[in-house]
Amino acid sequence: MSWLNYHHLYYFWTVVQEGGIAAASRRLHVGRPSISAQLKTLEAAIGSPLLERRGRHLALTDTGELVHSYAEEIFQLGDELAKVVRGKGKARPTALKVGIADAMMKQAAFRWLAPVLEGPEPITLRCSEAPPLQLFAALAVHDLDLVLSDVPPTPQLDLRLNSHLIEESPVGMFAAKSLAESLAGAFPRNLDGAKFLMPARTSALRQSLEAWLERTDLRPQIVAEFEDSALMKRFGEAGLGAFPAPMNLRDDLERQYGAVCLGVMAGVTDRCYAISAMRKHGHPVVAAILEQAQGH
C-alpha cells in the first residue's frame, strides 16, 4: 500500500463506530452504495478484506481490527487537534527524546534534565542509553533530540552535529568507610595494590584513569568493570573496591552511599557534552538547556 485515502478510511471507521453501513449512511448523509464503494476501494488499496458478513451483521477481519485500531487513534488525534486550535482543549505535552551515553555519570544527566520537568510547559521526557556512536547516529537522523555524552562526536563522523561542553569536574577516588580505613598511608600511594572498580574501557574517564595510573606508577587490582556508573557506585557502597567519581558529586556520594573521598587525581577530568543536530528549527527545550549551560 503506497498511499492511503483518509476519506475512505473515515468511512470505514464510521461504519465500525455505527455498527453497519445503514447507520453510517444516516450519520454521514451519504447513500449506502457510495459507502460500499468507498469500502471496496479502501480494501483494494490495503490488499485485504476489512469486513466480513457473519449472519446478518458485518464483523471485522483480523486486518480490519488492525486498521480500525489505527483509524481510531488517527481520528481521535484529529478531534484533539481541532479542539486545541479552537482554544477548547489542552495541547499534548511536548516530547523530548534524549540519549544518554551508557558510560557517563547519570547524576550529571539528572541535573540537566530534571529542570525540564519542572518548567511551565508540559513535557514528556523519553530517555534511552546506548554507546555514544549509536546515539550520535540516531541524533543525526532525528530519532533523538539531544544526546548527553562523556565524549563529543569526532569530525571524522561527518554527521552535522553541534557539541557543547556543559560540565566538567576534577575526579576523585572514593571508597566505603570500611575500605577507606584499611588503606593505610598517604594518597595516592595507598592505592597501590588496592581493589579498584573501573568504568568500561570504552569510556573517556577510563582512558584518563589509566594514564594517571601510569604517571603515578600504581598497580591496583581491577576487580570489576562497569558500563553503568550507578551500578559501579553500588558495588563501591558495599566496600568491594575503590571507585572514581567527579568531585562535583562528592556531597551526593557521601550522603547517599556513605563514601569517603580518598583524594583527587591530578589531571583526571570528567566531562559532559550536550550534542544536538544541526536543524533549521531546533527543539525549544534543547535550546533552553544549552542556554542554561552557557550561564554556568
# chains A, B, ... in the order shown; residues from 1 in each chain; ligands from 1
>>> residues_around(residues="stretch 110-125 of chain A", least_positions_apart="6", cutoff="7 Å", atoms="only C-alpha atoms", output="list in words")
Pro93, Thr94, Ala95, Leu96 and Lys97 of chain A
>>> residues_around(residues="stretch 193-204 of chain A", least_positions_apart="4", cutoff="7 Å", atoms="only C-alpha atoms", output="PyMOL selection string")
chain A and resi 103+150-151+208+219-227+229+232+241-243
>>> select_by_dssp(residues="stretch 69-262 of chain A", states="strand (DSSP E or B)", output="ChimeraX atom specification")
/A:94-101,123-130,146-149,161-176,195-199,221-226,242-246,259-262
>>> residues_around(residues="stretch 34-47 of chain A", least_positions_apart="6", cutoff="8 Å", atoms="only C-alpha atoms", output="number ranges by chain")
A: 1, 3-5, 8-9, 11-12, 21, 25
>>> atom_distance(atom1="atom CA of A:Asp143", atom2="atom CA of A:Gln294")
25.2 Å
>>> atom_distance(atom1="atom CA of A:Leu77", atom2="atom CA of A:Val147")
29.1 Å
>>> select_by_dssp(residues="stretch 104-249 of chain A", states="alpha helix (DSSP H)", output="MDAnalysis selection string")
chainID A and resid 106:117 132:140 177:182 204:216 229:237
>>> write_last_selection(atoms="C-alpha atoms", output="PDB file, in the first residue's frame")
ATOM      1  CA  LYS A 106      23.981   9.532  35.450  1.00  0.00           C
ATOM      2  CA  GLN A 107      23.819  12.228  38.133  1.00  0.00           C
ATOM      3  CA  ALA A 108      25.057  14.709  35.527  1.00  0.00           C
ATOM      4  CA  ALA A 109      22.209  13.714  33.202  1.00  0.00           C
ATOM      5  CA  PHE A 110      19.753  14.062  36.082  1.00  0.00           C
ATOM      6  CA  ARG A 111      20.983  17.555  36.941  1.00  0.00           C
ATOM      7  CA  TRP A 112      20.454  18.801  33.399  1.00  0.00           C
ATOM      8  CA  LEU A 113      17.196  17.010  32.662  1.00  0.00           C
ATOM      9  CA  ALA A 114      15.270  17.277  35.942  1.00  0.00           C
ATOM     10  CA  PRO A 115      14.572  21.031  35.470  1.00  0.00           C
ATOM     11  CA  VAL A 116      12.893  20.197  32.155  1.00  0.00           C
ATOM     12  CA  LEU A 117      10.043  18.537  34.059  1.00  0.00           C
ATOM     13  CA  PRO A 132      27.916   7.208  22.090  1.00  0.00           C
ATOM     14  CA  LEU A 133      28.390   6.267  18.419  1.00  0.00           C
ATOM     15  CA  GLN A 134      24.943   4.664  18.325  1.00  0.00           C
ATOM     16  CA  LEU A 135      23.387   7.736  19.926  1.00  0.00           C
ATOM     17  CA  PHE A 136      25.134  10.134  17.528  1.00  0.00           C
ATOM     18  CA  ALA A 137      23.784   8.184  14.545  1.00  0.00           C
ATOM     19  CA  ALA A 138      20.249   8.302  15.970  1.00  0.00           C
ATOM     20  CA  LEU A 139      20.589  12.032  16.589  1.00  0.00           C
ATOM     21  CA  ALA A 140      21.752  12.650  13.016  1.00  0.00           C
ATOM     22  CA  LYS A 177      34.319   3.889  55.002  1.00  0.00           C
ATOM     23  CA  SER A 178      35.341   0.352  55.950  1.00  0.00           C
ATOM     24  CA  LEU A 179      37.572   0.008  52.895  1.00  0.00           C
ATOM     25  CA  ALA A 180      38.989   3.522  53.253  1.00  0.00           C
ATOM     26  CA  GLU A 181      40.104   2.750  56.811  1.00  0.00           C
ATOM     27  CA  SER A 182      42.041  -0.287  55.567  1.00  0.00           C
ATOM     28  CA  ALA A 204      36.700   8.630  28.261  1.00  0.00           C
ATOM     29  CA  LEU A 205      37.131   8.503  32.040  1.00  0.00           C
ATOM     30  CA  ARG A 206      38.725   5.054  31.871  1.00  0.00           C
ATOM     31  CA  GLN A 207      41.352   6.295  29.428  1.00  0.00           C
ATOM     32  CA  SER A 208      42.203   9.239  31.703  1.00  0.00           C
ATOM     33  CA  LEU A 209      42.415   6.934  34.710  1.00  0.00           C
ATOM     34  CA  GLU A 210      44.816   4.557  33.004  1.00  0.00           C
ATOM     35  CA  ALA A 211      47.053   7.478  32.014  1.00  0.00           C
ATOM     36  CA  TRP A 212      47.030   8.681  35.644  1.00  0.00           C
ATOM     37  CA  LEU A 213      47.901   5.198  36.957  1.00  0.00           C
ATOM     38  CA  GLU A 214      50.807   5.083  34.525  1.00  0.00           C
ATOM     39  CA  ARG A 215      52.081   8.513  35.641  1.00  0.00           C
ATOM     40  CA  THR A 216      51.870   7.621  39.326  1.00  0.00           C
ATOM     41  CA  SER A 229      28.159   4.125  36.634  1.00  0.00           C
ATOM     42  CA  ALA A 230      25.278   3.741  39.091  1.00  0.00           C
ATOM     43  CA  LEU A 231      25.991   0.021  39.403  1.00  0.00           C
ATOM     44  CA  MET A 232      29.691   0.756  39.937  1.00  0.00           C
ATOM     45  CA  LYS A 233      28.838   3.067  42.841  1.00  0.00           C
ATOM     46  CA  ARG A 234      26.520   0.433  44.305  1.00  0.00           C
ATOM     47  CA  PHE A 235      29.415  -2.052  44.355  1.00  0.00           C
ATOM     48  CA  GLY A 236      31.559   0.661  45.899  1.00  0.00           C
ATOM     49  CA  GLU A 237      28.970   1.244  48.612  1.00  0.00           C
TER      50      GLU A 237
END
>>> closest_residue(among="A:Leu146, A:Leu81, A:Ala274, A:Val16", to="A:Thr61", atoms="only C-alpha atoms")
A:Val16
